[in-house]
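Asks: Dropping in entry-v9.txt, which is compact mmCIF, C-alpha atoms:
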```txt
# COMPACT_ATOMS: atom_id res chain seq x y z
CA MET A 234 5.42 -6.19 1.52
CA THR A 235 3.42 -3.35 0.42
CA THR A 236 2.26 -3.93 -3.14
CA VAL A 237 1.08 -7.43 -3.99
CA THR A 238 -0.19 -6.99 -7.52
CA VAL A 239 -2.46 -9.06 -9.67
CA VAL A 240 -2.00 -7.13 -12.84
CA GLU A 241 -3.29 -9.77 -15.25
CA ALA A 242 -3.93 -6.85 -17.56
CA ALA A 243 -0.26 -6.96 -18.53
CA GLU A 244 -0.73 -10.33 -20.22
CA THR A 245 -2.28 -11.05 -23.54
CA SER A 246 -5.66 -12.73 -23.12
CA PRO A 247 -8.69 -10.72 -24.31
CA GLY A 248 -10.22 -10.62 -20.83
CA ARG A 249 -7.03 -9.25 -19.37
CA GLY A 250 -6.91 -6.60 -22.04
CA ARG A 251 -10.38 -5.50 -21.01
CA LEU A 252 -9.22 -5.18 -17.41
CA ALA A 253 -6.32 -3.00 -18.49
CA THR A 254 -8.60 -0.73 -20.54
CA PHE A 255 -11.08 -0.41 -17.70
CA THR A 256 -8.60 0.32 -14.95
CA ALA A 257 -6.84 2.98 -16.96
CA GLN A 258 -10.09 5.00 -16.72
CA GLN A 259 -10.65 4.62 -12.97
CA ARG A 260 -7.83 6.69 -11.53
CA GLN A 261 -9.66 7.72 -8.34
CA ILE A 262 -12.92 6.96 -6.55
CA GLY A 263 -15.06 9.67 -8.13
CA PRO A 264 -15.02 11.56 -11.43
CA THR A 265 -12.12 13.62 -10.12
CA THR A 266 -9.80 13.57 -7.12
CA ARG A 267 -11.53 14.67 -3.93
CA PRO A 268 -10.24 18.01 -2.61
CA ILE A 269 -9.32 18.81 0.97
CA SER A 270 -11.70 21.39 2.38
CA GLY A 271 -12.61 22.29 5.93
CA SER A 272 -12.03 20.04 8.90
CA PRO A 273 -12.55 16.28 8.62
CA GLY A 274 -15.15 14.56 10.77
CA SER A 275 -14.25 12.81 13.99
CA VAL A 276 -13.14 9.18 13.88
CA ASP A 277 -15.82 7.38 15.87
CA HIS A 278 -15.20 3.69 15.37
CA ARG A 279 -13.95 1.10 17.84
CA LEU A 280 -11.29 -0.13 15.40
CA ALA A 281 -9.63 3.29 15.32
CA THR A 282 -7.19 2.05 17.94
CA GLY A 283 -7.74 -1.67 17.40
CA ARG A 284 -4.97 -4.15 16.78
CA TYR A 285 -6.20 -5.25 13.34
CA GLN A 286 -7.68 -2.65 11.01
CA SER A 287 -6.95 -3.69 7.44
CA PRO A 288 -9.21 -6.18 5.62
CA LEU A 289 -6.21 -7.35 3.58
CA ARG A 290 -3.38 -9.68 4.54
CA TYR A 291 0.06 -9.05 3.10
CA PRO A 292 3.13 -11.27 2.60
CA GLY A 293 6.26 -9.93 4.23
CA ALA A 294 4.24 -7.82 6.63
CA LYS A 295 6.21 -6.39 9.52
CA SER A 296 4.67 -6.46 12.94
CA GLY A 297 4.90 -3.13 14.71
CA LEU A 298 6.09 -0.98 11.80
CA ALA A 299 2.95 1.19 11.79
CA THR A 300 3.49 1.98 15.46
CA VAL A 301 7.14 2.87 14.78
CA ILE A 302 6.17 5.21 11.93
CA GLY A 303 3.59 6.79 14.19
CA LYS A 304 6.19 7.50 16.87
CA LEU A 305 8.51 8.97 14.25
CA VAL A 306 5.81 11.34 12.94
CA GLU A 307 4.72 12.34 16.45
CA SER A 308 8.29 13.18 17.37
CA ALA A 309 8.71 15.31 14.24
CA MET A 310 5.57 17.30 15.02
CA GLY A 311 7.46 18.84 17.93
CA SER A 312 9.45 20.91 15.46
CA ALA A 313 8.75 24.43 14.23
CA GLN A 314 8.67 23.26 10.62
CA LEU A 315 6.23 20.37 11.00
CA GLN A 316 3.62 21.19 13.63
CA ARG A 317 0.94 18.94 12.09
CA VAL A 318 0.50 16.48 9.25
CA ASP A 319 -2.63 17.26 7.27
CA LEU A 320 -2.08 14.44 4.81
CA LEU A 321 -0.16 11.16 4.85
CA VAL A 322 0.33 9.74 1.34
CA GLU A 323 1.00 6.01 0.95
CA PRO A 324 2.00 5.30 -2.69
CA PHE A 325 2.61 1.56 -2.06
CA ALA A 326 -0.68 1.17 -0.24
CA GLY A 327 -1.08 -2.60 -0.30
CA GLY A 328 -2.75 -3.47 3.00
CA ALA A 329 -2.54 0.20 4.09
CA ALA A 330 -1.87 -0.81 7.70
CA THR A 331 0.24 2.25 8.47
CA SER A 332 -2.25 4.76 7.06
CA LEU A 333 -5.19 3.16 8.85
CA ARG A 334 -3.25 3.11 12.12
CA LEU A 335 -2.00 6.70 12.03
CA VAL A 336 -5.26 8.31 10.99
CA GLY A 337 -7.21 6.27 13.53
CA ALA A 338 -4.86 7.33 16.31
CA GLY A 339 -5.15 10.98 15.31
CA ILE A 340 -1.44 11.29 14.51
CA VAL A 341 -2.27 12.50 10.98
CA ASP A 342 -5.45 14.30 9.92
CA ARG A 343 -6.03 12.54 6.61
CA VAL A 344 -4.61 9.80 4.40
CA LEU A 345 -4.39 9.28 0.65
CA LEU A 346 -3.89 5.72 -0.62
CA ALA A 347 -2.41 4.82 -4.00
CA ASP A 348 -1.38 1.57 -5.64
CA ALA A 349 -0.17 0.70 -9.12
CA ASP A 350 -2.03 -2.59 -9.06
CA PRO A 351 -5.52 -1.99 -10.46
CA LEU A 352 -7.02 -4.88 -8.49
CA VAL A 353 -5.71 -3.61 -5.16
CA ALA A 354 -6.65 -0.01 -5.97
CA MET A 355 -10.17 -1.06 -6.96
CA PHE A 356 -10.55 -3.00 -3.74
CA TRP A 357 -9.80 0.09 -1.67
CA GLN A 358 -12.00 2.28 -3.86
CA VAL A 359 -15.00 -0.01 -3.42
CA ALA A 360 -14.28 -0.66 0.26
CA ALA A 361 -14.27 3.10 0.87
CA ALA A 362 -17.18 4.29 -1.23
CA GLU A 363 -19.41 1.19 -1.58
CA THR A 364 -18.79 -0.44 1.75
CA GLU A 365 -22.14 -2.09 2.41
CA GLU A 366 -22.38 -3.44 -1.13
CA LEU A 367 -18.97 -5.08 -0.74
CA ILE A 368 -19.95 -6.51 2.66
CA ASP A 369 -23.11 -8.03 1.18
CA ARG A 370 -21.11 -9.48 -1.70
CA MET A 371 -18.48 -10.90 0.66
CA THR A 372 -21.11 -12.47 2.92
CA ASP A 373 -22.80 -14.11 -0.05
CA GLU A 374 -19.47 -15.55 -1.24
CA TYR A 375 -18.83 -16.97 2.19
CA ASP A 376 -22.29 -18.49 2.62
CA ARG A 377 -22.41 -20.04 -0.85
CA TYR A 378 -18.85 -21.22 -1.26
CA VAL A 379 -16.26 -20.66 1.48
CA SER A 380 -18.33 -22.01 4.37
CA HIS A 381 -18.71 -25.38 2.59
CA GLY A 382 -14.95 -25.85 2.30
CA GLY A 383 -13.51 -28.73 0.23
CA VAL A 384 -14.39 -29.01 -3.44
CA VAL A 385 -16.98 -26.22 -3.39
CA ALA A 386 -14.56 -23.64 -1.96
CA LEU A 387 -11.67 -24.81 -4.17
CA GLU A 388 -13.76 -24.52 -7.31
CA ARG A 389 -14.67 -20.99 -6.33
CA TRP A 390 -11.00 -20.22 -5.67
CA ASP A 391 -10.21 -21.40 -9.20
CA PHE A 392 -13.07 -19.28 -10.56
CA TRP A 393 -11.71 -16.10 -9.02
CA ARG A 394 -8.15 -16.95 -9.94
CA GLY A 395 -9.11 -16.93 -13.61
CA TRP A 396 -11.77 -14.22 -13.51
CA THR A 397 -11.63 -11.25 -15.87
CA PRO A 398 -14.48 -8.88 -16.77
CA PRO A 399 -16.66 -10.52 -19.46
CA ALA A 400 -17.61 -8.61 -22.59
CA GLY A 401 -20.47 -6.22 -21.96
CA MET A 402 -19.99 -5.91 -18.20
CA SER A 403 -20.44 -2.33 -17.03
CA ALA A 404 -17.50 -0.47 -15.55
CA ASP A 405 -19.21 -0.15 -12.17
CA THR A 406 -19.98 -3.87 -11.97
CA ALA A 407 -16.48 -4.79 -13.12
CA ARG A 408 -14.96 -2.64 -10.40
CA ARG A 409 -17.11 -4.25 -7.69
CA GLU A 410 -16.32 -7.74 -8.94
CA ALA A 411 -12.60 -6.94 -9.11
CA ALA A 412 -12.77 -5.77 -5.49
CA MET A 413 -14.41 -9.06 -4.53
CA LYS A 414 -11.77 -11.02 -6.41
CA CYS A 415 -9.03 -9.21 -4.53
CA LEU A 416 -10.67 -9.79 -1.15
CA PHE A 417 -11.56 -13.44 -1.83
CA LEU A 418 -8.11 -14.45 -3.03
CA ASN A 419 -6.35 -12.43 -0.35
CA ARG A 420 -8.27 -14.21 2.41
CA THR A 421 -8.06 -17.73 0.92
CA THR A 422 -4.55 -17.88 -0.57
CA PHE A 423 -1.33 -18.75 1.23
CA SER A 424 0.00 -15.61 2.96
CA GLY A 425 -2.51 -13.48 1.08
CA ILE A 426 -0.46 -13.67 -2.13
CA LEU A 427 -2.78 -12.95 -5.02
CA HIS A 428 -1.04 -14.63 -7.93
CA GLY A 429 2.06 -16.47 -9.12
CA GLN A 430 2.70 -19.89 -7.62
CA ALA A 431 0.81 -19.40 -4.36
CA GLY A 432 -2.04 -21.86 -3.83
CA PRO A 433 -5.10 -21.97 -1.60
CA ILE A 434 -4.69 -22.19 2.15
CA GLY A 435 -4.67 -25.88 3.11
CA GLY A 436 -3.51 -27.02 -0.33
CA ARG A 437 -5.45 -28.70 -3.11
CA ARG A 438 -6.18 -31.72 -0.93
CA GLN A 439 -7.33 -29.63 2.04
CA GLU A 440 -5.66 -32.03 4.46
CA SER A 441 -4.26 -29.30 6.70
CA PRO A 442 -6.06 -28.41 9.94
CA TYR A 443 -6.14 -24.89 8.48
CA GLY A 444 -8.56 -25.04 5.58
CA ILE A 445 -9.16 -22.58 2.79
CA GLY A 446 -11.62 -20.52 4.80
CA CYS A 447 -9.64 -20.21 8.04
CA ARG A 448 -8.76 -16.56 7.34
CA PHE A 449 -12.20 -15.65 5.97
CA ASN A 450 -13.76 -14.30 9.15
CA VAL A 451 -16.89 -12.55 7.92
CA GLY A 452 -17.62 -10.81 11.23
CA GLY A 453 -14.15 -9.38 11.62
CA LEU A 454 -13.87 -8.42 7.98
CA THR A 455 -17.24 -6.68 8.10
CA GLU A 456 -16.06 -4.49 10.94
CA ARG A 457 -12.78 -3.67 9.19
CA LEU A 458 -14.56 -2.77 5.96
CA ARG A 459 -16.93 -0.50 7.86
CA TYR A 460 -13.95 1.19 9.47
CA VAL A 461 -12.59 1.97 5.98
CA GLY A 462 -15.99 3.27 4.90
CA HIS A 463 -16.19 5.40 8.03
CA LEU A 464 -12.83 7.00 7.28
CA TYR A 465 -13.98 7.84 3.76
CA GLN A 466 -17.32 9.26 4.90
CA THR A 467 -15.60 11.49 7.47
CA HIS A 468 -13.04 12.66 4.86
CA ARG A 469 -10.23 11.11 6.86
CA LEU A 470 -9.51 8.86 3.86
CA VAL A 471 -9.36 11.48 1.14
CA ASP A 472 -9.20 9.24 -1.92
CA VAL A 473 -7.71 6.11 -3.47
CA TRP A 474 -5.61 6.48 -6.60
CA CYS A 475 -4.75 3.83 -9.15
CA LYS A 476 -1.32 5.22 -9.98
CA ASP A 477 2.27 4.15 -9.57
CA TRP A 478 4.51 5.74 -6.96
CA LYS A 479 6.10 8.30 -9.29
CA GLU A 480 2.84 9.60 -10.66
CA THR A 481 1.38 9.70 -7.16
CA LEU A 482 4.27 11.70 -5.73
CA GLY A 483 4.21 14.04 -8.71
CA ASP A 484 0.45 14.61 -8.59
CA VAL A 485 0.13 15.43 -4.89
CA PRO A 486 1.50 18.99 -5.34
CA GLU A 487 -0.89 19.50 -8.25
CA TRP A 488 -3.97 18.54 -6.23
CA TYR A 489 -2.93 19.79 -2.79
CA PRO A 490 -0.54 22.73 -3.30
CA GLN A 491 -1.62 24.34 -0.02
CA LEU A 492 0.06 21.49 1.88
CA ILE A 493 3.50 21.79 0.27
CA PRO A 494 6.12 21.34 1.64
CA ASN A 495 5.61 20.69 5.37
CA ARG A 496 1.99 19.65 5.87
CA VAL A 497 2.11 16.49 3.78
CA VAL A 498 4.32 13.45 4.35
CA ALA A 499 4.80 10.47 2.04
CA TYR A 500 5.30 7.07 3.59
CA LEU A 501 6.91 4.66 1.12
CA ASP A 502 7.33 0.95 1.78
CA PRO A 503 8.63 -0.48 -1.52
CA PRO A 504 9.41 -4.14 -2.27
CA TYR A 505 12.34 -5.89 -0.63
CA LEU A 506 15.59 -5.08 -2.39
CA GLU A 507 16.54 -8.76 -2.57
CA LYS A 508 13.35 -10.78 -2.18
CA SER A 509 10.65 -9.11 -4.26
CA GLY A 510 10.94 -11.78 -6.97
CA LYS A 511 10.52 -14.60 -4.45
CA LEU A 512 7.62 -12.97 -2.66
CA TYR A 513 5.66 -11.62 -5.56
CA GLN A 514 6.82 -13.37 -8.74
CA GLN A 515 6.31 -10.75 -11.47
CA SER A 516 3.97 -8.58 -9.44
CA PHE A 517 6.29 -5.60 -9.08
CA GLU A 518 7.21 -5.62 -12.73
CA VAL A 519 4.01 -3.80 -13.70
CA THR A 520 2.79 -0.30 -12.98
CA ALA A 521 -0.41 1.41 -14.02
CA ALA A 522 1.51 3.47 -16.58
CA SER A 523 3.48 0.52 -17.92
CA ILE A 524 0.31 -1.40 -18.77
CA ALA A 525 -0.55 1.17 -21.40
CA GLU A 526 3.03 1.69 -22.54
CA GLY A 527 4.02 -1.97 -22.66
CA ALA A 528 7.09 -1.20 -20.58
CA TYR A 529 8.12 -2.82 -17.32
CA ALA A 530 10.02 -1.34 -14.41
CA SER A 531 12.03 -4.17 -12.90
CA TRP A 532 12.17 -4.14 -9.14
CA SER A 533 13.92 -7.49 -9.00
CA SER A 534 16.83 -6.22 -11.12
CA GLY A 535 17.19 -3.11 -8.98
CA ARG A 536 16.39 -0.60 -11.72
CA ALA A 537 13.10 0.50 -10.17
CA HIS A 538 14.73 0.78 -6.75
CA ARG A 539 17.32 3.14 -8.24
CA ARG A 540 14.61 5.18 -9.98
CA LEU A 541 12.82 5.55 -6.66
CA ALA A 542 16.02 6.59 -4.87
CA GLU A 543 16.84 9.15 -7.56
CA TYR A 544 13.38 10.66 -7.31
CA VAL A 545 13.13 10.99 -3.54
CA ARG A 546 16.69 12.29 -3.25
CA ARG A 547 16.31 14.92 -5.96
CA GLN A 548 12.73 15.69 -6.99
CA ILE A 549 10.06 15.13 -4.35
CA GLN A 550 8.58 18.41 -3.11
CA PHE A 551 7.48 17.34 0.36
CA ARG A 552 8.78 15.36 3.29
CA TRP A 553 9.05 11.59 3.17
CA ILE A 554 9.67 8.43 5.19
CA LEU A 555 11.05 5.34 3.50
CA SER A 556 11.24 1.84 5.00
CA TYR A 557 13.39 -0.97 3.59
CA ASP A 558 14.85 -4.29 4.56
CA ALA A 559 18.27 -3.34 5.89
CA HIS A 560 20.40 -4.30 2.91
CA PRO A 561 23.97 -2.88 3.08
CA THR A 562 23.85 -1.70 -0.56
CA LEU A 563 21.21 0.87 0.32
CA LEU A 564 23.69 2.78 2.49
CA SER A 565 26.91 2.17 0.57
CA ASP A 566 25.84 2.87 -3.03
CA LYS A 567 25.57 6.48 -4.24
CA ALA A 568 22.76 5.40 -6.54
CA PHE A 569 20.75 4.64 -3.40
CA TYR A 570 21.07 6.43 -0.05
CA SER A 571 24.74 6.79 0.85
CA ASN A 572 24.35 10.60 0.75
CA SER A 573 23.06 12.32 3.86
CA ARG A 574 21.14 15.13 2.17
CA MET A 575 18.69 15.63 -0.68
CA ASN A 576 20.34 17.17 -3.73
CA PRO A 577 17.78 18.66 -6.14
CA CYS A 578 18.90 20.34 -9.34
CA ASP A 579 18.91 24.14 -9.57
CA ARG A 580 15.77 24.16 -11.73
CA ASP A 581 13.73 22.14 -9.24
CA ARG A 582 14.94 24.27 -6.33
CA ILE A 583 13.96 27.50 -8.09
CA GLU A 584 10.82 26.43 -9.95
CA PHE A 585 9.28 23.96 -7.50
CA GLY A 586 10.93 24.90 -4.22
CA THR A 587 12.44 21.43 -3.75
CA LYS A 588 14.46 21.44 -0.54
CA CYS A 589 17.94 20.22 0.39
CA TRP A 590 16.68 18.47 3.52
CA PRO A 591 18.99 16.21 5.54
CA ILE A 592 18.23 12.48 5.29
CA SER A 593 18.16 10.82 8.70
CA LYS A 594 18.87 7.08 8.88
CA ARG A 595 17.81 4.68 11.61
CA LEU A 596 17.60 0.94 12.19
CA VAL A 597 14.64 -0.62 13.98
CA SER A 598 14.08 -4.26 14.90
CA LEU A 599 10.79 -5.75 13.75
CA ASN A 600 9.06 -9.11 13.53
CA TYR A 601 8.51 -10.17 9.96
CA THR A 602 5.68 -12.49 8.94
CA ALA A 603 5.47 -14.81 5.92
CA SER A 604 8.38 -15.13 3.51
CA ALA A 605 10.76 -12.88 5.38
CA ARG A 606 14.43 -13.20 4.64
CA ASN A 607 15.01 -15.91 7.22
CA GLY A 608 11.43 -16.97 7.78
CA ARG A 609 9.33 -15.51 10.56
CA GLY A 610 11.13 -13.62 13.27
CA ALA A 611 13.10 -10.50 14.09
CA ALA A 612 15.04 -8.57 11.49
CA ASN A 613 16.34 -5.05 11.11
CA GLU A 614 14.41 -2.52 9.09
CA LEU A 615 16.06 0.58 7.67
CA LEU A 616 14.18 3.86 8.04
CA LEU A 617 15.20 6.91 6.04
CA THR A 618 13.42 10.24 6.37
CA THR A 619 13.53 13.94 5.65
CA LEU A 620 11.44 14.79 8.69
CA PRO A 621 13.20 17.54 10.70
CA SER A 622 16.44 15.85 11.68
CA ARG A 623 16.65 17.25 15.21
CA CYS A 624 13.35 15.54 16.02
CA VAL A 625 14.22 12.10 14.64
CA PRO A 626 14.77 9.93 17.73
CA VAL A 627 17.98 8.15 18.62
CA ASP A 628 17.23 5.56 21.29
CA ASP A 629 16.76 1.84 21.87
CA LEU A 630 14.02 1.72 19.24
CA PHE A 631 15.55 4.05 16.64
CA LYS A 632 19.16 2.94 16.49
CA PRO A 633 21.67 5.10 14.65
CA VAL A 634 23.27 3.74 11.50
CA ILE A 635 26.93 3.06 12.16
```
Rewrite the structure from the file as structure tokens, please.

Replies:
Amino acid sequence: MTTVTVVEAAETSPGRGRLATFTAQQRQIGPTTRPISGSPGSVDHRLATGRYQSPLRYPGAKSGLATVIGKLVESAMGSAQLQRVDLLVEPFAGGAATSLRLVGAGIVDRVLLADADPLVAMFWQVAAAETEELIDRMTDEYDRYVSHGGVVALERWDFWRGWTPPAGMSADTARREAAMKCLFLNRTTFSGILHGQAGPIGGRRQESPYGIGCRFNVGGLTERLRYVGHLYQTHRLVDVWCKDWKETLGDVPEWYPQLIPNRVVAYLDPPYLEKSGKLYQQSFEVTAASIAEGAYASWSSGRAHRRLAEYVRRQIQFRWILSYDAHPTLLSDKAFYSNSRMNPCDRDRIEFGTKCWPISKRLVSLNYTASARNGRGAANELLLTTLPSRCVPVDDLFKPVI
């Protein structure tokens, strides 16, 4: 799904403590969040409309969802309220497939990525702002280790699995190395899963016809990384935040008040309601804020899902799209999305202008990849949105919820 985390910082070893301290300081790419000013540059890259755009692989990925979200946004832009989307915010960035697709196709003007996992956030920060350095580092890793396969590649996999910033390493170097760790493990581990019980592709014995380096295509990855760098240089990718979803959604109005409420849309793709524990082990238990506080928001128990539902139904100040595995509880439980309208409190309506927008609900059929509920294959996805309701399609693709 969207946020495979490797937050070793939540554990107790000294190296992991150093990672937590470091990542708490690197909240965005530069010294401060990049503003939106003027018109962004044109997207002039052949991957802008390519089939594969993200350098990262993600477990539970859903084939075609980015295209569906794009059609939904395009339809909504026919309304008087939402004539254009200046900024798409993706708080569970993960592989960022939807953001890369929509900005490349020109459906949205700009995107802002955010992820609570420091390792994933640092990958996107380095990929955006230090693209060629990361490409050189990746190529060297491939030439020296991955290309040899067998024992050499496995030993390097073990090295990155246990890597933490050593004492005395500069913050800039640690960030680049963390980005390389994320990319290396994502391309060499089963289904791209970065931690937990997942092992290297091909297993420890490497007896499979698909060895550890079968997904480490340097040429293709180089082009995808340059696409990310191009989006950042043209100000189409505004920034990358290392923040959890709640802080991200709360900070957008602070940094981009001129876009509130109709020129910014959040796209949220949280963990599976049922399967996040199976897919990600403890990955969704940790947020950037909880590292410092020592507290854990439990997705697998449902508490974090309820916190998310409460926030988007009552507090968010701009329009949103939410995608979920189609679990019946989401539509039957008042703590989730059984209501058909946002219901902010009087204070938020008066002080922040939070709207009572209708919540449209649709089912779409998608092909899930690794570790889906019933393995690979078709399954229904639930889409909920506060985009102008009259423009939300009802057809063979966007089926009404009965």

Asks: Using Å and a single decimal, report how far CA of Tyr557 (chain A) sits from CA of Pro433 (chain A).

Replies: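 For CA of Pro433 (chain A) relative to CA of Tyr557 (chain A), the distance reads 28.5 Å.
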
Asks: Determine, counting only C-alpha atoms, which protein, DNA and RNA residues have an atom within 12 Å of an atom of Thr406 (chain A); residues of the same chain fewer than 5 positions away are not included. Present the result as a PyMOL selection string.

Replies: chain A and resi 255+355+359+363+366-367+370+397-401+411-413

Asks: Provide the CA of Leu280 (chain A) to CA of Asp319 (chain A) distance in Å, to one decimal place.

Replies: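 One can read the CA of Leu280 (chain A) to CA of Asp319 (chain A) distance as 21.1 Å.
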
Asks: So that I can check the surroundings of region 375-382 of chain A, please list as a list in words every protein, DNA and RNA residue that reaches within 10 Å of it, counting only C-alpha atoms and ignoring chain neighbours fewer than 5 positions away.

Replies: Asp369, Arg370, Leu387, Glu388, Arg389, Trp390, Phe417, Thr421, Gln439, Gly444, Ile445, Gly446, Cys447, Phe449, Asn450 and Val451 of chain A

Asks: Which residue out of A:Gly271, A:Pro490, A:Pro264, A:Gly339 has the minimum interatomic distance to Leu464 (chain A) when all atoms listed in the file are used?

Replies: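 Distance minimum relative to Leu464 (chain A) lands on A:Gly339.
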
Asks: Any idea what the distance is between CA of Ala612 (chain A) and CA of Arg448 (chain A)?

Replies: 25.4 Å

Asks: Need to verify the contact set: Thr619 (chain A), 8 Å, all atoms listed in the file, exclusion of same-chain residues closer than 5 positions in sequence. Can you return it as a PDB file with C-alpha atoms, keeping the file's coordinate frame?

Replies:
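Contents of out25.pdb, freshly written:
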```
ATOM      1  CA  ARG A 552       8.780  15.360   3.290  1.00  0.00           C
ATOM      2  CA  TRP A 553       9.050  11.590   3.170  1.00  0.00           C
ATOM      3  CA  ILE A 554       9.670   8.430   5.190  1.00  0.00           C
ATOM      4  CA  TRP A 590      16.680  18.470   3.520  1.00  0.00           C
ATOM      5  CA  PRO A 591      18.990  16.210   5.540  1.00  0.00           C
ATOM      6  CA  ILE A 592      18.230  12.480   5.290  1.00  0.00           C
ATOM      7  CA  SER A 593      18.160  10.820   8.700  1.00  0.00           C
TER       8      SER A 593
END
```

Asks: Please build the interface table for region 388-505 of chain A against region 534-551 of chain A with a cut-off of 9 Å, listing for each qualifying residue the nearest atom pair and the distance in Å to one decimal; count all atoms listed in the file, order rows by chain and increasing number, and write it as JSON lines.

Replies:
```
{"residue": "A:Trp478", "atom": "CA", "partner": "A:Leu541", "partner_atom": "CA", "distance": 8.3}
{"residue": "A:Lys479", "atom": "CA", "partner": "A:Leu541", "partner_atom": "CA", "distance": 7.7}
{"residue": "A:Leu482", "atom": "CA", "partner": "A:Ile549", "partner_atom": "CA", "distance": 6.9}
{"residue": "A:Gly483", "atom": "CA", "partner": "A:Ile549", "partner_atom": "CA", "distance": 7.4}
{"residue": "A:Pro486", "atom": "CA", "partner": "A:Gln550", "partner_atom": "CA", "distance": 7.4}
{"residue": "A:Leu492", "atom": "CA", "partner": "A:Phe551", "partner_atom": "CA", "distance": 8.6}
{"residue": "A:Ile493", "atom": "CA", "partner": "A:Phe551", "partner_atom": "CA", "distance": 6.0}
{"residue": "A:Pro494", "atom": "CA", "partner": "A:Phe551", "partner_atom": "CA", "distance": 4.4}
{"residue": "A:Asn495", "atom": "CA", "partner": "A:Phe551", "partner_atom": "CA", "distance": 6.3}
{"residue": "A:Arg496", "atom": "CA", "partner": "A:Phe551", "partner_atom": "CA", "distance": 8.1}
{"residue": "A:Val497", "atom": "CA", "partner": "A:Phe551", "partner_atom": "CA", "distance": 6.4}
{"residue": "A:Val498", "atom": "CA", "partner": "A:Phe551", "partner_atom": "CA", "distance": 6.4}
{"residue": "A:Ala499", "atom": "CA", "partner": "A:Phe551", "partner_atom": "CA", "distance": 7.6}
{"residue": "A:Pro503", "atom": "CA", "partner": "A:His538", "partner_atom": "CA", "distance": 8.1}
{"residue": "A:Pro504", "atom": "CA", "partner": "A:His538", "partner_atom": "CA", "distance": 8.5}
```

Asks: Report, as lines of an AutoDock Vina configuration file, the centre and edge lengths in Å (one decimal) of the axis-aligned box enclosing every listed atom of region 355-365 of chain A, padded by 5 Å on each side.

Replies:
```
center_x = -16.0
center_y = 0.6
center_z = -2.3
size_x = 22.3
size_y = 17.3
size_z = 19.4
```

Asks: Which is closer to Thr300 (chain A) than all the others in A:Ser332, A:Ala326, A:Leu454, A:His278, using only C-alpha atoms?

Replies: A:Ser332

Asks: Restricting the calculation to only C-alpha atoms, which member of A:Asp558, A:Asp391, A:Asp348, A:Glu410 is positioned closest to Glu614 (chain A)?

Replies: A:Asp558

Asks: Measuring between only C-alpha atoms, which one of A:Tyr460, A:Phe423, A:Phe356, A:Tyr291 shows the shortest distance to Val336 (chain A)?

Replies: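 Result for the nearest residue to Val336 (chain A): A:Tyr460.
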
Asks: Sorted by chain and rising residue number, which residues of region 453-495 of chain A lie within 12 Å of region 282-288 of chain A, and what are their closest atom pairs and distances in Å to one decimal, counting only C-alpha atoms, as a tab-separated table?

Replies:
```
residue	atom	partner	partner_atom	distance
A:Gly453	CA	A:Pro288	CA	8.4
A:Leu454	CA	A:Pro288	CA	5.7
A:Thr455	CA	A:Pro288	CA	8.4
A:Glu456	CA	A:Gln286	CA	8.6
A:Arg457	CA	A:Gln286	CA	5.5
A:Leu458	CA	A:Pro288	CA	6.4
A:Arg459	CA	A:Pro288	CA	9.8
A:Tyr460	CA	A:Gln286	CA	7.5
A:Val461	CA	A:Ser287	CA	8.1
A:Gly462	CA	A:Pro288	CA	11.7
A:Leu464	CA	A:Gln286	CA	11.6
```

Asks: Which is closer to Lys588 (chain A) than all the others in A:Leu620, A:Ala313, A:Leu615, A:Ala362, using only C-alpha atoms?

Replies: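 Smallest separation from Lys588 (chain A) among the options: A:Leu620.
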